[in-house]
file protein_28.cif (mmCIF, C-alpha atoms)
data_protein
loop_
_atom_site.group_PDB
_atom_site.id
_atom_site.type_symbol
_atom_site.label_atom_id
_atom_site.label_comp_id
_atom_site.auth_asym_id
_atom_site.auth_seq_id
_atom_site.Cartn_x
_atom_site.Cartn_y
_atom_site.Cartn_z
ATOM 1 C CA MET B 1 44.083 -81.539 62.396
ATOM 2 C CA LYS B 2 43.715 -84.252 65.046
ATOM 3 C CA LYS B 3 40.325 -82.822 66.111
ATOM 4 C CA MET B 4 39.193 -82.760 62.495
ATOM 5 C CA MET B 5 40.203 -86.399 61.947
ATOM 6 C CA THR B 6 38.415 -87.415 65.156
ATOM 7 C CA ALA B 7 35.299 -85.550 64.036
ATOM 8 C CA LEU B 8 35.415 -87.251 60.629
ATOM 9 C CA PHE B 9 35.801 -90.660 62.264
ATOM 10 C CA LEU B 10 32.837 -89.973 64.535
ATOM 11 C CA PHE B 11 30.744 -88.673 61.641
ATOM 12 C CA PHE B 12 31.707 -91.517 59.272
ATOM 13 C CA PRO B 13 32.443 -94.409 61.674
ATOM 14 C CA LEU B 14 31.738 -97.137 59.119
ATOM 15 C CA GLY B 15 33.093 -95.588 55.972
ATOM 16 C CA MET B 16 32.585 -97.100 52.559
ATOM 17 C CA VAL B 17 35.451 -99.547 52.311
ATOM 18 C CA TRP B 18 35.009 -102.202 49.635
ATOM 19 C CA ALA B 19 36.998 -105.426 49.490
ATOM 20 C CA ASP B 20 38.966 -104.068 46.531
ATOM 21 C CA GLY B 21 40.395 -101.329 48.777
ATOM 22 C CA THR B 22 38.717 -98.344 47.102
ATOM 23 C CA ALA B 23 38.922 -96.468 50.415
ATOM 24 C CA ASN B 24 41.421 -96.847 53.216
ATOM 25 C CA ILE B 25 39.360 -96.569 56.405
ATOM 26 C CA PRO B 26 40.134 -99.630 58.565
ATOM 27 C CA VAL B 27 37.356 -102.102 59.398
ATOM 28 C CA SER B 28 37.181 -105.502 61.076
ATOM 29 C CA PRO B 29 37.173 -108.805 59.142
ATOM 30 C CA GLY B 30 33.822 -110.325 58.174
ATOM 31 C CA ILE B 31 31.909 -107.116 57.499
ATOM 32 C CA ALA B 32 29.549 -106.346 54.629
ATOM 33 C CA MET B 33 27.924 -103.037 53.824
ATOM 34 C CA CYS B 34 24.866 -101.946 51.889
ATOM 35 C CA THR B 35 24.213 -98.401 50.748
ATOM 36 C CA LEU B 36 20.508 -97.926 50.042
ATOM 37 C CA SER B 37 19.307 -95.634 47.258
ATOM 38 C CA PRO B 38 15.755 -94.441 46.558
ATOM 39 C CA ALA B 39 13.392 -96.562 44.444
ATOM 40 C CA SER B 40 9.845 -95.962 43.187
ATOM 41 C CA ASN B 41 10.312 -92.161 43.298
ATOM 42 C CA SER B 42 10.855 -92.193 47.070
ATOM 43 C CA GLN B 43 13.340 -90.168 49.113
ATOM 44 C CA THR B 44 14.421 -93.222 51.132
ATOM 45 C CA MET B 45 18.145 -93.832 51.554
ATOM 46 C CA GLY B 46 20.617 -95.063 54.131
ATOM 47 C CA TRP B 47 23.173 -97.675 55.104
ATOM 48 C CA VAL B 48 23.190 -101.112 56.691
ATOM 49 C CA LYS B 49 26.215 -102.938 58.105
ATOM 50 C CA PHE B 50 26.359 -106.738 58.493
ATOM 51 C CA THR B 51 28.976 -108.238 60.833
ATOM 52 C CA GLN B 52 29.520 -112.010 60.790
ATOM 53 C CA ARG B 53 29.952 -113.582 64.228
ATOM 54 C CA LYS B 54 30.414 -117.260 65.009
ATOM 55 C CA SER B 55 26.725 -118.230 65.058
ATOM 56 C CA TYR B 56 24.893 -115.086 63.903
ATOM 57 C CA VAL B 57 25.144 -111.871 61.906
ATOM 58 C CA ARG B 58 24.790 -108.518 63.622
ATOM 59 C CA VAL B 59 22.731 -106.059 61.555
ATOM 60 C CA GLU B 60 22.768 -102.322 62.202
ATOM 61 C CA GLY B 61 21.888 -99.279 60.195
ATOM 62 C CA GLU B 62 20.156 -96.002 59.638
ATOM 63 C CA ILE B 63 17.571 -95.257 56.968
ATOM 64 C CA THR B 64 15.948 -91.879 56.283
ATOM 65 C CA GLY B 65 13.084 -90.638 54.130
ATOM 66 C CA LEU B 66 10.534 -93.177 55.374
ATOM 67 C CA THR B 67 6.990 -92.570 56.527
ATOM 68 C CA PRO B 68 6.642 -93.011 60.297
ATOM 69 C CA GLY B 69 5.930 -96.593 61.378
ATOM 70 C CA LYS B 70 7.015 -100.090 60.412
ATOM 71 C CA HIS B 71 8.647 -100.954 57.083
ATOM 72 C CA ALA B 72 9.479 -104.399 55.711
ATOM 73 C CA PHE B 73 13.205 -105.163 55.555
ATOM 74 C CA HIS B 74 14.173 -108.038 53.230
ATOM 75 C CA VAL B 75 17.160 -109.517 51.405
ATOM 76 C CA HIS B 76 16.203 -110.234 47.787
ATOM 77 C CA GLU B 77 17.663 -112.861 45.469
ATOM 78 C CA LYS B 78 19.469 -110.724 42.884
ATOM 79 C CA GLY B 79 22.118 -108.074 43.417
ATOM 80 C CA ASP B 80 20.464 -105.738 40.936
ATOM 81 C CA CYS B 81 18.845 -102.401 41.771
ATOM 82 C CA SER B 82 18.811 -101.084 38.195
ATOM 83 C CA ALA B 83 15.028 -100.882 37.733
ATOM 84 C CA PRO B 84 13.401 -97.630 38.932
ATOM 85 C CA ASP B 85 11.028 -99.651 41.143
ATOM 86 C CA ALA B 86 13.777 -102.146 42.173
ATOM 87 C CA VAL B 87 11.855 -105.086 40.701
ATOM 88 C CA SER B 88 15.213 -106.110 39.177
ATOM 89 C CA ALA B 89 16.191 -107.375 42.663
ATOM 90 C CA GLY B 90 13.849 -110.341 42.206
ATOM 91 C CA GLY B 91 11.921 -112.001 45.019
ATOM 92 C CA HIS B 92 12.955 -112.710 48.576
ATOM 93 C CA TYR B 93 16.225 -114.587 48.943
ATOM 94 C CA ASN B 94 15.007 -118.146 49.574
ATOM 95 C CA PRO B 95 17.684 -120.780 48.856
ATOM 96 C CA THR B 96 16.031 -123.189 51.328
ATOM 97 C CA ASP B 97 12.652 -123.080 49.501
ATOM 98 C CA LYS B 98 10.614 -122.258 52.613
ATOM 99 C CA ILE B 99 7.492 -120.147 53.103
ATOM 100 C CA HIS B 100 7.549 -116.464 54.052
ATOM 101 C CA GLY B 101 7.618 -115.828 57.786
ATOM 102 C CA ALA B 102 8.866 -113.816 60.722
ATOM 103 C CA PRO B 103 12.603 -113.610 61.498
ATOM 104 C CA THR B 104 11.952 -115.822 64.538
ATOM 105 C CA SER B 105 10.000 -118.477 62.582
ATOM 106 C CA LYS B 106 11.536 -121.885 61.978
ATOM 107 C CA ASP B 107 10.113 -121.791 58.462
ATOM 108 C CA ARG B 108 11.080 -118.560 56.717
ATOM 109 C CA HIS B 109 12.949 -117.260 53.718
ATOM 110 C CA VAL B 110 16.602 -116.572 54.477
ATOM 111 C CA GLY B 111 15.880 -112.984 53.420
ATOM 112 C CA ASP B 112 12.970 -112.474 55.840
ATOM 113 C CA LEU B 113 14.355 -109.920 58.295
ATOM 114 C CA GLY B 114 11.008 -108.550 59.480
ATOM 115 C CA ASN B 115 10.391 -104.849 60.016
ATOM 116 C CA ILE B 116 12.280 -101.742 60.984
ATOM 117 C CA MET B 117 10.579 -98.827 62.775
ATOM 118 C CA ALA B 118 10.788 -95.264 61.487
ATOM 119 C CA ASP B 119 10.306 -92.461 64.001
ATOM 120 C CA LYS B 120 8.084 -89.382 63.522
ATOM 121 C CA ASP B 121 10.819 -87.808 61.371
ATOM 122 C CA GLY B 122 10.977 -90.837 59.054
ATOM 123 C CA THR B 123 14.303 -92.164 60.344
ATOM 124 C CA ALA B 124 14.872 -95.786 61.337
ATOM 125 C CA LYS B 125 17.934 -96.579 63.450
ATOM 126 C CA PHE B 126 18.304 -100.226 64.349
ATOM 127 C CA LYS B 127 20.546 -102.997 65.682
ATOM 128 C CA PHE B 128 19.614 -106.664 65.854
ATOM 129 C CA THR B 129 21.032 -110.119 65.244
ATOM 130 C CA ASP B 130 19.921 -112.893 62.915
ATOM 131 C CA SER B 131 20.988 -116.533 63.128
ATOM 132 C CA VAL B 132 19.914 -117.532 59.583
ATOM 133 C CA ILE B 133 21.697 -115.088 57.275
ATOM 134 C CA ARG B 134 25.457 -115.469 56.749
ATOM 135 C CA LEU B 135 28.326 -113.812 54.931
ATOM 136 C CA THR B 136 29.586 -117.280 53.941
ATOM 137 C CA GLY B 137 28.157 -120.574 52.727
ATOM 138 C CA ALA B 138 24.724 -121.570 51.508
ATOM 139 C CA ASN B 139 22.859 -118.713 53.241
ATOM 140 C CA SER B 140 25.301 -115.988 52.207
ATOM 141 C CA ILE B 141 23.651 -112.636 51.562
ATOM 142 C CA LEU B 142 26.691 -111.211 49.772
ATOM 143 C CA ASN B 143 25.934 -109.710 46.372
ATOM 144 C CA LYS B 144 22.181 -109.878 47.044
ATOM 145 C CA SER B 145 19.915 -106.831 47.243
ATOM 146 C CA LEU B 146 18.508 -105.356 50.426
ATOM 147 C CA ILE B 147 15.037 -103.884 49.947
ATOM 148 C CA ILE B 148 13.089 -101.506 52.166
ATOM 149 C CA HIS B 149 9.346 -101.593 51.500
ATOM 150 C CA ALA B 150 6.711 -98.859 51.818
ATOM 151 C CA ASP B 151 4.568 -100.904 54.195
ATOM 152 C CA LYS B 152 5.083 -103.236 57.118
ATOM 153 C CA ASP B 153 5.611 -106.966 56.672
ATOM 154 C CA ASP B 154 2.603 -108.752 58.162
ATOM 155 C CA LEU B 155 4.947 -111.775 58.607
ATOM 156 C CA LYS B 156 2.438 -114.262 57.166
ATOM 157 C CA THR B 157 1.015 -113.328 53.733
ATOM 158 C CA GLN B 158 2.680 -115.339 50.942
ATOM 159 C CA PRO B 159 5.018 -114.800 49.289
ATOM 160 C CA SER B 160 6.199 -111.431 50.663
ATOM 161 C CA GLY B 161 4.222 -110.294 53.701
ATOM 162 C CA ASN B 162 1.995 -107.794 51.873
ATOM 163 C CA ALA B 163 4.825 -105.273 52.235
ATOM 164 C CA GLY B 164 3.972 -102.888 49.401
ATOM 165 C CA LYS B 165 6.208 -101.192 46.889
ATOM 166 C CA ARG B 166 9.993 -101.111 47.124
ATOM 167 C CA VAL B 167 11.172 -97.695 48.327
ATOM 168 C CA ALA B 168 14.925 -98.331 48.628
ATOM 169 C CA CYS B 169 17.412 -100.817 47.222
ATOM 170 C CA GLY B 170 21.105 -101.540 47.661
ATOM 171 C CA VAL B 171 23.510 -104.389 46.989
ATOM 172 C CA ILE B 172 25.229 -106.043 49.964
ATOM 173 C CA ARG B 173 28.997 -105.920 49.392
ATOM 174 C CA LEU B 174 31.862 -107.466 51.331
ATOM 175 C CA LEU B 175 34.150 -104.907 52.957
ATOM 176 C CA MET B 176 36.740 -107.159 54.573
ATOM 177 C CA LYS B 177 37.170 -110.903 54.374
ATOM 178 C CA GLN B 178 37.404 -113.318 57.248
ATOM 179 C CA PRO B 179 40.092 -115.990 56.862
ATOM 180 C CA GLY B 180 38.755 -118.654 54.494
ATOM 181 C CA LEU B 181 35.982 -116.447 53.041
ATOM 182 C CA LYS B 182 35.824 -116.473 49.243
ATOM 183 C CA GLY B 183 34.784 -113.328 47.386
ATOM 184 C CA ASP B 184 31.530 -114.923 46.252
ATOM 185 C CA GLY B 185 30.445 -115.517 49.843
ATOM 186 C CA THR B 186 31.037 -119.274 49.881
#
call {"tool": "encode", "arguments": {"input": "protein_28.cif", "output": "structure tokens"}}
result
Amino acid sequence: MKKMMTALFLFFPLGMVWADGTANIPVSPGIAMCTLSPASNSQTMGWVKFTQRKSYVRVEGEITGLTPGKHAFHVHEKGDCSAPDAVSAGGHYNPTDKIHGAPTSKDRHVGDLGNIMADKDGTAKFKFTDSVIRLTGANSILNKSLIIHADKDDLKTQPSGNAGKRVACGVIRLLMKQPGLKGDGT
């Protein structure tokens, strides 16, 4: 039994634990999760974990069903993936009213997270940090949609980097609260 539990923990290290306690796998405070589902008749799906640190958010995940190469990776303004093509997610999350840009640009949408790279099998595994997005306050990404696009973000074309159709969508949900974090991300 112990070996089986260890194997399950290794296979499902993040779990799907929502703030309302719908599962009882322990996680650290200040973590949000997004489960991506296919959009636009794609086979793209996966998960992304966001961990709030003092001055940045760590982003890590795995997405399958992509074509090999770069794919745009953006937070969108609405937490709604109900449309078959994910247009219900709205545009890029941009509470600061800036132009579209690279994740390293001073002027960029809060939701501009650049590109992820899919290998020859169509799987993207990634880990990076971002100092603009937050799980609290004005730049909170909680209850917003995460979109994976069919094409790469060219990091300059307005308003969305010429990234193509939306192939996966998921809503970013809080798993565990940090002290002082309200459920709405403020």
call {"tool": "resolve_selection", "arguments": {"input": "protein_28.cif", "expression": "the PyMOL selection byres ((chain B and resi 81-88) around 9)", "output": "list of chain:residue names"}}
result
B:Ser37, B:Pro38, B:Ala39, B:Ser40, B:Asn41, B:Lys78, B:Gly79, B:Asp80, B:Ala89, B:Gly90, B:Gly91, B:Ser145, B:Ile147, B:Lys165, B:Arg166, B:Val167, B:Ala168, B:Cys169, B:Gly170, B:Val171
call {"tool": "residues_around", "arguments": {"input": "protein_28.cif", "residues": "segment 114-129 of chain B", "least_positions_apart": "6", "cutoff": "9 Å", "atoms": "only C-alpha atoms", "output": "tab-separated table (two decimals) with C-alpha atoms, in the frame of the given file"}}
result
chain	number	residue	atom	x	y	z
B	44	THR	CA	14.42	-93.22	51.13
B	56	TYR	CA	24.89	-115.09	63.90
B	57	VAL	CA	25.14	-111.87	61.91
B	58	ARG	CA	24.79	-108.52	63.62
B	59	VAL	CA	22.73	-106.06	61.56
B	60	GLU	CA	22.77	-102.32	62.20
B	61	GLY	CA	21.89	-99.28	60.20
B	62	GLU	CA	20.16	-96.00	59.64
B	63	ILE	CA	17.57	-95.26	56.97
B	64	THR	CA	15.95	-91.88	56.28
B	65	GLY	CA	13.08	-90.64	54.13
B	66	LEU	CA	10.53	-93.18	55.37
B	67	THR	CA	6.99	-92.57	56.53
B	68	PRO	CA	6.64	-93.01	60.30
B	69	GLY	CA	5.93	-96.59	61.38
B	70	LYS	CA	7.02	-100.09	60.41
B	71	HIS	CA	8.65	-100.95	57.08
B	72	ALA	CA	9.48	-104.40	55.71
B	73	PHE	CA	13.20	-105.16	55.56
B	74	HIS	CA	14.17	-108.04	53.23
B	101	GLY	CA	7.62	-115.83	57.79
B	102	ALA	CA	8.87	-113.82	60.72
B	103	PRO	CA	12.60	-113.61	61.50
B	104	THR	CA	11.95	-115.82	64.54
B	148	ILE	CA	13.09	-101.51	52.17
B	152	LYS	CA	5.08	-103.24	57.12
B	153	ASP	CA	5.61	-106.97	56.67
B	154	ASP	CA	2.60	-108.75	58.16
B	155	LEU	CA	4.95	-111.78	58.61
call {"tool": "atom_distance", "arguments": {"input": "protein_28.cif", "atom1": "atom CA of Asp97 of chain B", "atom2": "atom CA of Gly30 of chain B"}}
result
26.2 Å
call {"tool": "residues_around", "arguments": {"input": "protein_28.cif", "residues": "segment 130-137 of chain B", "least_positions_apart": "3", "cutoff": "9 Å", "atoms": "all atoms listed in the file", "output": "MDAnalysis selection string"}}
result
chainID B and resid 30:32 50:53 55:59 103:104 110:111 113 140:142 174 181:182 184:186
call {"tool": "write_last_selection", "arguments": {"input": "protein_28.cif", "atoms": "C-alpha atoms", "output": "PDB file, keeping the file's coordinate frame"}}
result
ATOM      1  CA  GLY B  30      33.822-110.325  58.174  1.00  0.00           C
ATOM      2  CA  ILE B  31      31.909-107.116  57.499  1.00  0.00           C
ATOM      3  CA  ALA B  32      29.549-106.346  54.629  1.00  0.00           C
ATOM      4  CA  PHE B  50      26.359-106.738  58.493  1.00  0.00           C
ATOM      5  CA  THR B  51      28.976-108.238  60.833  1.00  0.00           C
ATOM      6  CA  GLN B  52      29.520-112.010  60.790  1.00  0.00           C
ATOM      7  CA  ARG B  53      29.952-113.582  64.228  1.00  0.00           C
ATOM      8  CA  SER B  55      26.725-118.230  65.058  1.00  0.00           C
ATOM      9  CA  TYR B  56      24.893-115.086  63.903  1.00  0.00           C
ATOM     10  CA  VAL B  57      25.144-111.871  61.906  1.00  0.00           C
ATOM     11  CA  ARG B  58      24.790-108.518  63.622  1.00  0.00           C
ATOM     12  CA  VAL B  59      22.731-106.059  61.555  1.00  0.00           C
ATOM     13  CA  PRO B 103      12.603-113.610  61.498  1.00  0.00           C
ATOM     14  CA  THR B 104      11.952-115.822  64.538  1.00  0.00           C
ATOM     15  CA  VAL B 110      16.602-116.572  54.477  1.00  0.00           C
ATOM     16  CA  GLY B 111      15.880-112.984  53.420  1.00  0.00           C
ATOM     17  CA  LEU B 113      14.355-109.920  58.295  1.00  0.00           C
ATOM     18  CA  SER B 140      25.301-115.988  52.207  1.00  0.00           C
ATOM     19  CA  ILE B 141      23.651-112.636  51.562  1.00  0.00           C
ATOM     20  CA  LEU B 142      26.691-111.211  49.772  1.00  0.00           C
ATOM     21  CA  LEU B 174      31.862-107.466  51.331  1.00  0.00           C
ATOM     22  CA  LEU B 181      35.982-116.447  53.041  1.00  0.00           C
ATOM     23  CA  LYS B 182      35.824-116.473  49.243  1.00  0.00           C
ATOM     24  CA  ASP B 184      31.530-114.923  46.252  1.00  0.00           C
ATOM     25  CA  GLY B 185      30.445-115.517  49.843  1.00  0.00           C
ATOM     26  CA  THR B 186      31.037-119.274  49.881  1.00  0.00           C
TER      27      THR B 186
END
call {"tool": "atom_distance", "arguments": {"input": "protein_28.cif", "atom1": "atom CA of Val75 of chain B", "atom2": "atom CA of Thr35 of chain B"}}
result
13.2 Å
call {"tool": "closest_residue", "arguments": {"input": "protein_28.cif", "among": "B:Ala163, B:Pro95, B:Met33, B:Met45", "to": "His149 of chain B", "atoms": "only C-alpha atoms"}}
result
B:Ala163
call {"tool": "atom_distance", "arguments": {"input": "protein_28.cif", "atom1": "atom CA of Lys144 of chain B", "atom2": "atom CA of Asn94 of chain B"}}
result
11.2 Å
call {"tool": "decode", "arguments": {"input": "protein_28.cif", "residues": "segment 80-114 of chain B", "atoms": "N, CA and C atoms", "output": "JSON list (two decimals), in the first residue's frame"}}
result
[["chain", "number", "residue", "atom", "x", "y", "z"],
["B", 80, "ASP", "N", -13.65, 32.48, -18.63],
["B", 80, "ASP", "CA", -14.75, 31.82, -19.34],
["B", 80, "ASP", "C", -14.21, 31.08, -20.56],
["B", 81, "CYS", "N", -14.29, 29.78, -20.53],
["B", 81, "CYS", "CA", -13.83, 28.94, -21.65],
["B", 81, "CYS", "C", -15.00, 28.24, -22.33],
["B", 82, "SER", "N", -16.21, 28.80, -22.20],
["B", 82, "SER", "CA", -17.41, 28.10, -22.66],
["B", 82, "SER", "C", -17.56, 28.04, -24.18],
["B", 83, "ALA", "N", -16.99, 28.97, -24.92],
["B", 83, "ALA", "CA", -17.12, 28.95, -26.37],
["B", 83, "ALA", "C", -16.21, 27.87, -26.97],
["B", 84, "PRO", "N", -16.66, 27.17, -28.00],
["B", 84, "PRO", "CA", -15.84, 26.11, -28.60],
["B", 84, "PRO", "C", -14.46, 26.58, -29.07],
["B", 85, "ASP", "N", -14.36, 27.85, -29.47],
["B", 85, "ASP", "CA", -13.08, 28.41, -29.91],
["B", 85, "ASP", "C", -12.41, 29.26, -28.82],
["B", 86, "ALA", "N", -12.97, 29.25, -27.61],
["B", 86, "ALA", "CA", -12.45, 29.97, -26.44],
["B", 86, "ALA", "C", -12.46, 31.48, -26.60],
["B", 87, "VAL", "N", -13.21, 32.00, -27.55],
["B", 87, "VAL", "CA", -13.32, 33.45, -27.70],
["B", 87, "VAL", "C", -14.00, 34.08, -26.47],
["B", 88, "SER", "N", -14.74, 33.27, -25.72],
["B", 88, "SER", "CA", -15.41, 33.74, -24.50],
["B", 88, "SER", "C", -14.42, 34.20, -23.43],
["B", 89, "ALA", "N", -13.14, 33.87, -23.58],
["B", 89, "ALA", "CA", -12.11, 34.30, -22.63],
["B", 89, "ALA", "C", -11.74, 35.77, -22.80],
["B", 90, "GLY", "N", -12.22, 36.40, -23.86],
["B", 90, "GLY", "CA", -11.90, 37.80, -24.10],
["B", 90, "GLY", "C", -10.48, 37.98, -24.60],
["B", 91, "GLY", "N", -10.02, 39.23, -24.52],
["B", 91, "GLY", "CA", -8.66, 39.57, -24.97],
["B", 91, "GLY", "C", -7.63, 39.34, -23.88],
["B", 92, "HIS", "N", -6.41, 39.71, -24.18],
["B", 92, "HIS", "CA", -5.34, 39.57, -23.18],
["B", 92, "HIS", "C", -5.68, 40.35, -21.93],
["B", 93, "TYR", "N", -5.31, 39.80, -20.79],
["B", 93, "TYR", "CA", -5.51, 40.47, -19.51],
["B", 93, "TYR", "C", -4.58, 41.68, -19.48],
["B", 94, "ASN", "N", -5.17, 42.89, -19.41],
["B", 94, "ASN", "CA", -4.42, 44.13, -19.57],
["B", 94, "ASN", "C", -4.96, 45.23, -18.66],
["B", 95, "PRO", "N", -4.93, 45.03, -17.33],
["B", 95, "PRO", "CA", -5.48, 46.04, -16.43],
["B", 95, "PRO", "C", -4.67, 47.34, -16.39],
["B", 96, "THR", "N", -3.45, 47.31, -16.91],
["B", 96, "THR", "CA", -2.58, 48.50, -16.90],
["B", 96, "THR", "C", -2.66, 49.26, -18.21],
["B", 97, "ASP", "N", -3.48, 48.80, -19.16],
["B", 97, "ASP", "CA", -3.71, 49.48, -20.44],
["B", 97, "ASP", "C", -2.40, 49.76, -21.19],
["B", 98, "LYS", "N", -1.58, 48.73, -21.32],
["B", 98, "LYS", "CA", -0.31, 48.86, -22.06],
["B", 98, "LYS", "C", -0.41, 48.12, -23.38],
["B", 99, "ILE", "N", 0.62, 48.27, -24.21],
["B", 99, "ILE", "CA", 0.65, 47.59, -25.51],
["B", 99, "ILE", "C", 1.13, 46.15, -25.33],
["B", 100, "HIS", "N", 0.86, 45.32, -26.33],
["B", 100, "HIS", "CA", 1.32, 43.93, -26.31],
["B", 100, "HIS", "C", 2.84, 43.92, -26.43],
["B", 101, "GLY", "N", 3.47, 42.99, -25.70],
["B", 101, "GLY", "CA", 4.92, 42.87, -25.77],
["B", 101, "GLY", "C", 5.44, 41.57, -25.23],
["B", 102, "ALA", "N", 6.74, 41.47, -25.17],
["B", 102, "ALA", "CA", 7.42, 40.28, -24.64],
["B", 102, "ALA", "C", 7.32, 40.27, -23.12],
["B", 103, "PRO", "N", 7.46, 39.10, -22.50],
["B", 103, "PRO", "CA", 7.42, 39.02, -21.03],
["B", 103, "PRO", "C", 8.49, 39.89, -20.36],
["B", 104, "THR", "N", 9.58, 40.15, -21.07],
["B", 104, "THR", "CA", 10.67, 40.96, -20.51],
["B", 104, "THR", "C", 10.53, 42.45, -20.82],
["B", 105, "SER", "N", 9.52, 42.83, -21.60],
["B", 105, "SER", "CA", 9.31, 44.24, -21.96],
["B", 105, "SER", "C", 8.77, 45.04, -20.79],
["B", 106, "LYS", "N", 9.20, 46.28, -20.69],
["B", 106, "LYS", "CA", 8.64, 47.18, -19.67],
["B", 106, "LYS", "C", 7.17, 47.44, -19.97],
["B", 107, "ASP", "N", 6.86, 47.66, -21.22],
["B", 107, "ASP", "CA", 5.48, 47.86, -21.65],
["B", 107, "ASP", "C", 4.95, 46.57, -22.22],
["B", 108, "ARG", "N", 3.98, 45.97, -21.51],
["B", 108, "ARG", "CA", 3.37, 44.72, -21.93],
["B", 108, "ARG", "C", 2.05, 44.55, -21.20],
["B", 109, "HIS", "N", 1.18, 43.74, -21.77],
["B", 109, "HIS", "CA", -0.02, 43.33, -21.04],
["B", 109, "HIS", "C", 0.42, 42.49, -19.85],
["B", 110, "VAL", "N", -0.33, 42.53, -18.78],
["B", 110, "VAL", "CA", -0.04, 41.64, -17.65],
["B", 110, "VAL", "C", -0.08, 40.19, -18.13],
["B", 111, "GLY", "N", -1.00, 39.88, -19.03],
["B", 111, "GLY", "CA", -1.17, 38.51, -19.51],
["B", 111, "GLY", "C", -0.18, 38.04, -20.55],
["B", 112, "ASP", "N", 0.77, 38.87, -20.96],
["B", 112, "ASP", "CA", 1.74, 38.49, -21.98],
["B", 112, "ASP", "C", 2.85, 37.63, -21.38],
["B", 113, "LEU", "N", 2.71, 36.32, -21.52],
["B", 113, "LEU", "CA", 3.71, 35.40, -20.95],
["B", 113, "LEU", "C", 4.59, 34.76, -22.02],
["B", 114, "GLY", "N", 4.53, 35.27, -23.25],
["B", 114, "GLY", "CA", 5.44, 34.82, -24.29],
["B", 114, "GLY", "C", 5.04, 33.52, -24.94]]
